[in-house]
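> One file is attached below, protein.pdb, containing PDB, N, CA and C atoms.
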ATOM      1  N   MET A 155      -4.629 -37.534  26.755
ATOM      2  CA  MET A 155      -3.605 -36.854  26.005
ATOM      3  C   MET A 155      -2.646 -36.202  26.997
ATOM      4  N   ARG A 156      -1.343 -36.353  26.754
ATOM      5  CA  ARG A 156      -0.349 -35.771  27.653
ATOM      6  C   ARG A 156       0.362 -34.632  26.949
ATOM      7  N   PHE A 157       0.626 -33.591  27.680
ATOM      8  CA  PHE A 157       1.391 -32.471  27.159
ATOM      9  C   PHE A 157       2.753 -32.474  27.823
ATOM     10  N   PHE A 158       3.737 -32.082  27.056
ATOM     11  CA  PHE A 158       5.078 -32.017  27.611
ATOM     12  C   PHE A 158       5.270 -30.687  28.311
ATOM     13  N   ALA A 159       5.907 -30.735  29.417
ATOM     14  CA  ALA A 159       6.162 -29.518  30.173
ATOM     15  C   ALA A 159       7.445 -28.866  29.657
ATOM     16  N   TYR A 160       7.373 -27.565  29.436
ATOM     17  CA  TYR A 160       8.532 -26.811  28.992
ATOM     18  C   TYR A 160       8.933 -25.844  30.102
ATOM     19  N   PRO A 161      10.205 -25.506  30.172
ATOM     20  CA  PRO A 161      10.590 -24.519  31.182
ATOM     21  C   PRO A 161       9.913 -23.179  30.895
ATOM     22  N   ALA A 162       9.729 -22.403  31.905
ATOM     23  CA  ALA A 162       9.028 -21.125  31.779
ATOM     24  C   ALA A 162       9.753 -20.181  30.831
ATOM     25  N   GLU A 163      11.078 -20.220  30.819
ATOM     26  CA  GLU A 163      11.840 -19.346  29.929
ATOM     27  C   GLU A 163      12.740 -20.190  29.048
ATOM     28  N   MET A 164      12.794 -19.822  27.824
ATOM     29  CA  MET A 164      13.733 -20.487  26.927
ATOM     30  C   MET A 164      15.009 -19.665  26.926
ATOM     31  N   THR A 165      16.124 -20.299  27.152
ATOM     32  CA  THR A 165      17.373 -19.548  27.237
ATOM     33  C   THR A 165      17.903 -19.170  25.858
ATOM     34  N   SER A 166      17.749 -20.044  24.875
ATOM     35  CA  SER A 166      18.190 -19.689  23.518
ATOM     36  C   SER A 166      17.165 -20.215  22.524
ATOM     37  N   PRO A 167      16.737 -19.387  21.634
ATOM     38  CA  PRO A 167      15.724 -19.830  20.679
ATOM     39  C   PRO A 167      16.323 -20.846  19.698
ATOM     40  N   SER A 168      15.479 -21.714  19.219
ATOM     41  CA  SER A 168      15.936 -22.715  18.261
ATOM     42  C   SER A 168      15.935 -22.169  16.839
ATOM     43  N   TRP A 169      15.452 -20.982  16.656
ATOM     44  CA  TRP A 169      15.447 -20.350  15.338
ATOM     45  C   TRP A 169      16.031 -18.960  15.469
ATOM     46  N   THR A 170      16.488 -18.443  14.365
ATOM     47  CA  THR A 170      17.033 -17.091  14.370
ATOM     48  C   THR A 170      16.337 -16.274  13.304
ATOM     49  N   ARG A 171      16.216 -15.027  13.553
ATOM     50  CA  ARG A 171      15.628 -14.132  12.562
ATOM     51  C   ARG A 171      16.741 -13.574  11.697
ATOM     52  N   SER A 172      16.465 -13.482  10.430
ATOM     53  CA  SER A 172      17.463 -12.870   9.558
ATOM     54  C   SER A 172      17.351 -11.359   9.699
ATOM     55  N   ARG A 173      18.477 -10.699   9.678
ATOM     56  CA  ARG A 173      18.442  -9.251   9.842
ATOM     57  C   ARG A 173      18.143  -8.592   8.504
ATOM     58  N   LYS A 174      17.499  -7.467   8.555
ATOM     59  CA  LYS A 174      17.167  -6.726   7.343
ATOM     60  C   LYS A 174      18.401  -5.983   6.862
ATOM     61  N   PRO A 175      18.606  -5.923   5.529
ATOM     62  CA  PRO A 175      19.757  -5.174   5.022
ATOM     63  C   PRO A 175      19.579  -3.681   5.237
ATOM     64  N   THR A 176      20.688  -3.001   5.443
ATOM     65  CA  THR A 176      20.643  -1.557   5.635
ATOM     66  C   THR A 176      20.454  -0.869   4.292
ATOM     67  N   ALA A 177      20.142   0.413   4.318
ATOM     68  CA  ALA A 177      19.940   1.177   3.084
ATOM     69  C   ALA A 177      21.220   1.224   2.254
ATOM     70  N   ASP A 178      22.381   1.324   2.918
ATOM     71  CA  ASP A 178      23.657   1.338   2.193
ATOM     72  C   ASP A 178      23.901   0.026   1.477
ATOM     73  N   GLU A 179      23.560  -1.082   2.106
ATOM     74  CA  GLU A 179      23.728  -2.386   1.472
ATOM     75  C   GLU A 179      22.818  -2.535   0.262
ATOM     76  N   LEU A 180      21.600  -2.017   0.352
ATOM     77  CA  LEU A 180      20.686  -2.079  -0.782
ATOM     78  C   LEU A 180      21.182  -1.219  -1.939
ATOM     79  N   ASP A 181      21.730  -0.047  -1.639
ATOM     80  CA  ASP A 181      22.258   0.825  -2.686
ATOM     81  C   ASP A 181      23.443   0.181  -3.387
ATOM     82  N   ASP A 182      24.337  -0.452  -2.631
ATOM     83  CA  ASP A 182      25.504  -1.101  -3.214
ATOM     84  C   ASP A 182      25.110  -2.278  -4.091
ATOM     85  N   ALA A 183      24.081  -3.013  -3.706
ATOM     86  CA  ALA A 183      23.660  -4.186  -4.469
ATOM     87  C   ALA A 183      23.068  -3.783  -5.812
ATOM     88  N   GLY A 184      22.417  -2.636  -5.894
ATOM     89  CA  GLY A 184      21.763  -2.223  -7.123
ATOM     90  C   GLY A 184      22.697  -1.647  -8.166
ATOM     91  N   GLN A 185      23.944  -1.334  -7.814
ATOM     92  CA  GLN A 185      24.847  -0.692  -8.760
ATOM     93  C   GLN A 185      25.297  -1.627  -9.868
ATOM     94  N   ASP A 186      25.489  -2.907  -9.567
ATOM     95  CA  ASP A 186      25.976  -3.841 -10.564
ATOM     96  C   ASP A 186      24.851  -4.567 -11.295
ATOM     97  N   ALA A 187      23.631  -4.394 -10.863
ATOM     98  CA  ALA A 187      22.514  -5.111 -11.457
ATOM     99  C   ALA A 187      22.163  -4.531 -12.830
ATOM    100  N   VAL A 188      21.693  -5.401 -13.709
ATOM    101  CA  VAL A 188      21.264  -4.982 -15.037
ATOM    102  C   VAL A 188      19.879  -4.360 -14.904
ATOM    103  N   ASP A 189      19.680  -3.226 -15.538
ATOM    104  CA  ASP A 189      18.373  -2.585 -15.523
ATOM    105  C   ASP A 189      17.473  -3.353 -16.487
ATOM    106  N   VAL A 190      16.557  -4.137 -15.932
ATOM    107  CA  VAL A 190      15.728  -5.041 -16.713
ATOM    108  C   VAL A 190      14.815  -4.276 -17.674
ATOM    109  N   ILE A 191      14.313  -3.142 -17.251
ATOM    110  CA  ILE A 191      13.411  -2.370 -18.103
ATOM    111  C   ILE A 191      14.164  -1.805 -19.306
ATOM    112  N   SER A 192      15.360  -1.262 -19.072
ATOM    113  CA  SER A 192      16.159  -0.725 -20.180
ATOM    114  C   SER A 192      16.558  -1.826 -21.152
ATOM    115  N   LEU A 193      16.916  -2.980 -20.624
ATOM    116  CA  LEU A 193      17.270  -4.105 -21.484
ATOM    117  C   LEU A 193      16.087  -4.500 -22.355
ATOM    118  N   GLY A 194      14.918  -4.593 -21.755
ATOM    119  CA  GLY A 194      13.719  -4.948 -22.511
ATOM    120  C   GLY A 194      13.390  -3.939 -23.589
ATOM    121  N   ARG A 195      13.545  -2.656 -23.270
ATOM    122  CA  ARG A 195      13.274  -1.615 -24.275
ATOM    123  C   ARG A 195      14.264  -1.699 -25.438
ATOM    124  N   ARG A 196      15.536  -2.001 -25.114
ATOM    125  CA  ARG A 196      16.538  -2.138 -26.164
ATOM    126  C   ARG A 196      16.232  -3.323 -27.070
ATOM    127  N   VAL A 197      15.831  -4.440 -26.460
ATOM    128  CA  VAL A 197      15.477  -5.625 -27.248
ATOM    129  C   VAL A 197      14.316  -5.306 -28.182
ATOM    130  N   ARG A 198      13.288  -4.652 -27.650
ATOM    131  CA  ARG A 198      12.124  -4.310 -28.475
ATOM    132  C   ARG A 198      12.503  -3.331 -29.589
ATOM    133  N   HIS A 199      13.319  -2.332 -29.248
ATOM    134  CA  HIS A 199      13.729  -1.344 -30.253
ATOM    135  C   HIS A 199      14.513  -2.022 -31.385
ATOM    136  N   LEU A 200      15.472  -2.855 -31.025
ATOM    137  CA  LEU A 200      16.267  -3.542 -32.044
ATOM    138  C   LEU A 200      15.408  -4.472 -32.888
ATOM    139  N   ARG A 201      14.495  -5.177 -32.239
ATOM    140  CA  ARG A 201      13.622  -6.109 -32.964
ATOM    141  C   ARG A 201      12.739  -5.365 -33.958
ATOM    142  N   LYS A 202      12.123  -4.278 -33.511
ATOM    143  CA  LYS A 202      11.228  -3.522 -34.400
ATOM    144  C   LYS A 202      11.995  -2.795 -35.498
ATOM    145  N   ALA A 203      13.211  -2.321 -35.184
ATOM    146  CA  ALA A 203      14.027  -1.637 -36.195
ATOM    147  C   ALA A 203      14.393  -2.588 -37.331
ATOM    148  N   GLN A 204      14.508  -3.872 -37.019
ATOM    149  CA  GLN A 204      14.829  -4.862 -38.036
ATOM    150  C   GLN A 204      13.589  -5.444 -38.696
ATOM    151  N   GLY A 205      12.417  -5.010 -38.252
ATOM    152  CA  GLY A 205      11.167  -5.480 -38.832
ATOM    153  C   GLY A 205      10.841  -6.920 -38.473
ATOM    154  N   LYS A 206      11.347  -7.392 -37.334
ATOM    155  CA  LYS A 206      11.104  -8.761 -36.908
ATOM    156  C   LYS A 206       9.960  -8.809 -35.910
ATOM    157  N   THR A 207       9.292  -9.958 -35.874
ATOM    158  CA  THR A 207       8.205 -10.161 -34.928
ATOM    159  C   THR A 207       8.725 -10.905 -33.698
ATOM    160  N   LEU A 208       7.890 -10.976 -32.677
ATOM    161  CA  LEU A 208       8.242 -11.759 -31.498
ATOM    162  C   LEU A 208       8.516 -13.210 -31.885
ATOM    163  N   ASP A 209       7.717 -13.730 -32.799
ATOM    164  CA  ASP A 209       7.900 -15.115 -33.248
ATOM    165  C   ASP A 209       9.253 -15.313 -33.914
ATOM    166  N   ASP A 210       9.663 -14.357 -34.752
ATOM    167  CA  ASP A 210      10.941 -14.473 -35.455
ATOM    168  C   ASP A 210      12.113 -14.532 -34.471
ATOM    169  N   VAL A 211      12.163 -13.587 -33.563
ATOM    170  CA  VAL A 211      13.293 -13.495 -32.638
ATOM    171  C   VAL A 211      13.260 -14.631 -31.624
ATOM    172  N   SER A 212      12.081 -14.981 -31.151
ATOM    173  CA  SER A 212      12.008 -16.058 -30.161
ATOM    174  C   SER A 212      12.403 -17.396 -30.774
ATOM    175  N   ALA A 213      12.062 -17.623 -32.030
ATOM    176  CA  ALA A 213      12.477 -18.860 -32.693
ATOM    177  C   ALA A 213      13.995 -18.899 -32.852
ATOM    178  N   ALA A 214      14.594 -17.766 -33.212
ATOM    179  CA  ALA A 214      16.047 -17.706 -33.378
ATOM    180  C   ALA A 214      16.767 -17.846 -32.035
ATOM    181  N   ALA A 215      16.138 -17.367 -30.957
ATOM    182  CA  ALA A 215      16.757 -17.430 -29.638
ATOM    183  C   ALA A 215      16.423 -18.722 -28.900
ATOM    184  N   GLY A 216      15.485 -19.480 -29.428
ATOM    185  CA  GLY A 216      15.124 -20.749 -28.799
ATOM    186  C   GLY A 216      14.266 -20.613 -27.566
ATOM    187  N   THR A 217      13.349 -19.678 -27.595
ATOM    188  CA  THR A 217      12.442 -19.481 -26.464
ATOM    189  C   THR A 217      11.031 -19.238 -26.992
ATOM    190  N   ALA A 218      10.083 -19.180 -26.108
ATOM    191  CA  ALA A 218       8.695 -18.930 -26.495
ATOM    192  C   ALA A 218       8.474 -17.432 -26.674
ATOM    193  N   PRO A 219       7.579 -17.059 -27.595
ATOM    194  CA  PRO A 219       7.277 -15.629 -27.782
ATOM    195  C   PRO A 219       6.777 -14.963 -26.495
ATOM    196  N   SER A 220       6.047 -15.702 -25.677
ATOM    197  CA  SER A 220       5.553 -15.121 -24.419
ATOM    198  C   SER A 220       6.706 -14.784 -23.477
ATOM    199  N   GLN A 221       7.751 -15.604 -23.471
ATOM    200  CA  GLN A 221       8.914 -15.324 -22.627
ATOM    201  C   GLN A 221       9.651 -14.079 -23.119
ATOM    202  N   LEU A 222       9.782 -13.950 -24.421
ATOM    203  CA  LEU A 222      10.421 -12.767 -24.997
ATOM    204  C   LEU A 222       9.604 -11.515 -24.693
ATOM    205  N   SER A 223       8.293 -11.643 -24.720
ATOM    206  CA  SER A 223       7.427 -10.513 -24.390
ATOM    207  C   SER A 223       7.631 -10.081 -22.934
ATOM    208  N   LEU A 224       7.765 -11.047 -22.037
ATOM    209  CA  LEU A 224       8.014 -10.719 -20.629
ATOM    210  C   LEU A 224       9.347 -10.000 -20.465
ATOM    211  N   ILE A 225      10.357 -10.419 -21.220
ATOM    212  CA  ILE A 225      11.664  -9.755 -21.164
ATOM    213  C   ILE A 225      11.540  -8.325 -21.675
ATOM    214  N   GLU A 226      10.854  -8.147 -22.800
ATOM    215  CA  GLU A 226      10.690  -6.809 -23.379
ATOM    216  C   GLU A 226       9.917  -5.875 -22.455
ATOM    217  N   ASN A 227       8.997  -6.415 -21.676
ATOM    218  CA  ASN A 227       8.194  -5.596 -20.768
ATOM    219  C   ASN A 227       8.848  -5.401 -19.408
ATOM    220  N   GLY A 228      10.054  -5.939 -19.231
ATOM    221  CA  GLY A 228      10.781  -5.764 -17.982
ATOM    222  C   GLY A 228      10.252  -6.584 -16.831
ATOM    223  N   LYS A 229       9.493  -7.628 -17.122
ATOM    224  CA  LYS A 229       8.919  -8.456 -16.079
ATOM    225  C   LYS A 229       9.714  -9.731 -15.842
ATOM    226  N   ARG A 230      10.710  -9.969 -16.658
ATOM    227  CA  ARG A 230      11.555 -11.146 -16.497
ATOM    228  C   ARG A 230      12.989 -10.760 -16.799
ATOM    229  N   GLU A 231      13.905 -11.148 -15.925
ATOM    230  CA  GLU A 231      15.327 -10.889 -16.145
ATOM    231  C   GLU A 231      15.941 -12.115 -16.811
ATOM    232  N   PRO A 232      16.429 -11.967 -18.038
ATOM    233  CA  PRO A 232      16.982 -13.132 -18.732
ATOM    234  C   PRO A 232      18.325 -13.547 -18.139
ATOM    235  N   LYS A 233      18.604 -14.838 -18.225
ATOM    236  CA  LYS A 233      19.897 -15.347 -17.787
ATOM    237  C   LYS A 233      20.932 -15.006 -18.851
ATOM    238  N   LEU A 234      22.198 -15.189 -18.504
ATOM    239  CA  LEU A 234      23.287 -14.841 -19.407
ATOM    240  C   LEU A 234      23.175 -15.582 -20.737
ATOM    241  N   GLY A 235      22.838 -16.856 -20.691
ATOM    242  CA  GLY A 235      22.688 -17.640 -21.920
ATOM    243  C   GLY A 235      21.628 -17.058 -22.841
ATOM    244  N   MET A 236      20.528 -16.610 -22.268
ATOM    245  CA  MET A 236      19.454 -16.019 -23.071
ATOM    246  C   MET A 236      19.892 -14.675 -23.641
ATOM    247  N   ILE A 237      20.652 -13.899 -22.880
ATOM    248  CA  ILE A 237      21.169 -12.624 -23.395
ATOM    249  C   ILE A 237      22.078 -12.876 -24.592
ATOM    250  N   GLN A 238      22.911 -13.900 -24.509
ATOM    251  CA  GLN A 238      23.793 -14.246 -25.630
ATOM    252  C   GLN A 238      22.979 -14.647 -26.852
ATOM    253  N   LYS A 239      21.950 -15.462 -26.659
ATOM    254  CA  LYS A 239      21.105 -15.897 -27.779
ATOM    255  C   LYS A 239      20.350 -14.722 -28.395
ATOM    256  N   LEU A 240      19.855 -13.812 -27.550
ATOM    257  CA  LEU A 240      19.138 -12.643 -28.061
ATOM    258  C   LEU A 240      20.064 -11.743 -28.869
ATOM    259  N   ALA A 241      21.283 -11.547 -28.369
ATOM    260  CA  ALA A 241      22.244 -10.711 -29.090
ATOM    261  C   ALA A 241      22.541 -11.315 -30.456
ATOM    262  N   LYS A 242      22.711 -12.613 -30.512
ATOM    263  CA  LYS A 242      22.986 -13.288 -31.784
ATOM    264  C   LYS A 242      21.784 -13.205 -32.719
ATOM    265  N   ALA A 243      20.577 -13.411 -32.174
ATOM    266  CA  ALA A 243      19.359 -13.351 -32.987
ATOM    267  C   ALA A 243      19.117 -11.954 -33.542
ATOM    268  N   LEU A 244      19.536 -10.934 -32.797
ATOM    269  CA  LEU A 244      19.331  -9.553 -33.238
ATOM    270  C   LEU A 244      20.539  -8.999 -33.993
ATOM    271  N   GLY A 245      21.619  -9.777 -34.068
ATOM    272  CA  GLY A 245      22.804  -9.355 -34.818
ATOM    273  C   GLY A 245      23.576  -8.218 -34.176
ATOM    274  N   VAL A 246      23.613  -8.183 -32.849
ATOM    275  CA  VAL A 246      24.352  -7.145 -32.123
ATOM    276  C   VAL A 246      25.270  -7.818 -31.107
ATOM    277  N   SER A 247      26.199  -7.037 -30.556
ATOM    278  CA  SER A 247      27.066  -7.572 -29.513
ATOM    279  C   SER A 247      26.319  -7.546 -28.179
ATOM    280  N   ILE A 248      26.829  -8.317 -27.233
ATOM    281  CA  ILE A 248      26.221  -8.326 -25.909
ATOM    282  C   ILE A 248      26.348  -6.960 -25.256
ATOM    283  N   ASP A 249      27.493  -6.303 -25.475
ATOM    284  CA  ASP A 249      27.689  -4.955 -24.918
ATOM    285  C   ASP A 249      26.628  -3.982 -25.430
ATOM    286  N   GLU A 250      26.342  -4.055 -26.716
ATOM    287  CA  GLU A 250      25.343  -3.167 -27.300
ATOM    288  C   GLU A 250      23.948  -3.484 -26.742
ATOM    289  N   LEU A 251      23.677  -4.767 -26.569
ATOM    290  CA  LEU A 251      22.388  -5.164 -26.041
ATOM    291  C   LEU A 251      22.207  -4.705 -24.595
ATOM    292  N   LEU A 252      23.279  -4.790 -23.807
ATOM    293  CA  LEU A 252      23.203  -4.376 -22.404
ATOM    294  C   LEU A 252      23.389  -2.883 -22.222
ATOM    295  N   GLY A 253      23.802  -2.193 -23.290
ATOM    296  CA  GLY A 253      23.983  -0.748 -23.214
ATOM    297  C   GLY A 253      25.236  -0.343 -22.490
ATOM    298  N   ALA A 254      26.276  -1.180 -22.577
ATOM    299  CA  ALA A 254      27.542  -0.889 -21.879
ATOM    300  C   ALA A 254      28.316   0.177 -22.616
TER     301      ALA A 254
END
Go ahead and render the structure in this file as structure tokens.


Amino acid sequence: MRFFAYPAEMTSPSWTRSRKPTADELDDAGQDAVDVISLGRRVRHLRKAQGKTLDDVSAAAGTAPSQLSLIENGKREPKLGMIQKLAKALGVSIDELLGA
């Protein structure tokens, strides 16, 4: 078996490390993000206020009840299309659903 000889020092690495974001960058990124927990609580509140079950709303929104449960518990961030479907299924505007 033969081994290839490498120079003792590498002048430039073939890979680069990504730099960690600063605290200011993290704070700025979080300002425009949707609060997933608040959204989930609003969905659950609206659903229960209308006397609907997970099955009712998920069927109207075209998703599985387990997915809707994850959204309500703040463990899944819905895409824009799903937010639109949920707003329609619950009979509210998107602004009201997002709490704008």

> Calculate how many Å separate atom C of Gly216 in chain A from atom C of Gly194 in chain A, rounding to one decimal.

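Straight-line distance from atom C of Gly216 in chain A to atom C of Gly194 in chain A works out to 17.2 Å.
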
> When you count only N, CA and C atoms, which of these residues is closest to Val190 in chain A: A:Ser247, A:Asn227, A:Ser212, A:Ser220?

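Going through A:Ser247, A:Asn227, A:Ser212, A:Ser220 one by one, the smallest distance to Val190 in chain A is for A:Asn227.
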
> Pick from A:Ile237, A:Ala243, A:Leu224, A:Leu193: nearest to Val211 in chain A, with only N, CA and C atoms counted?

A:Ala243

> List, as a list in words, every residue that the PyMOL selection byres ((chain A and resi 215) around 8) selects in the file provided.

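Selected by the PyMOL selection byres ((chain A and resi 215) around 8) in this file: Asp209, Asp210, Val211, Ser212, Ala213, Ala214, Gly216, Thr217, Ala218, Met236, Gln238, Lys239, Leu240, Ala241, Lys242, Ala243 and Leu244 of chain A.
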
> Provide the atom C of Gly245 in chain A to atom C of Pro232 in chain A distance in Å, to one decimal place.

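Interatomic distance, atom C of Gly245 in chain A to atom C of Pro232 in chain A: 17.7 Å.
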
> In Å, rounded to a single decimal, give me how far CA of Glu250 in chain A is from CA of Arg201 in chain A.

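So the answer is 13.3 Å.
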
> Kindly indicate which residue among A:Leu234, A:Ala254, A:Val246, A:Ile225 lies nearest to Arg198 in chain A, using all atoms listed in the file for the distances.

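Smallest distance to Arg198 in chain A is found for A:Ile225.
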
> Assuming 8 Å of padding per side, give the centre and edge lengths of the axis-aligned box around every listed atom of range 213-229 of chain A, in Å to one decimal and as lines of an AutoDock Vina configuration file.


center_x = 11.2
center_y = -13.1
center_z = -24.6
size_x = 27.2
size_y = 31.3
size_z = 33.5
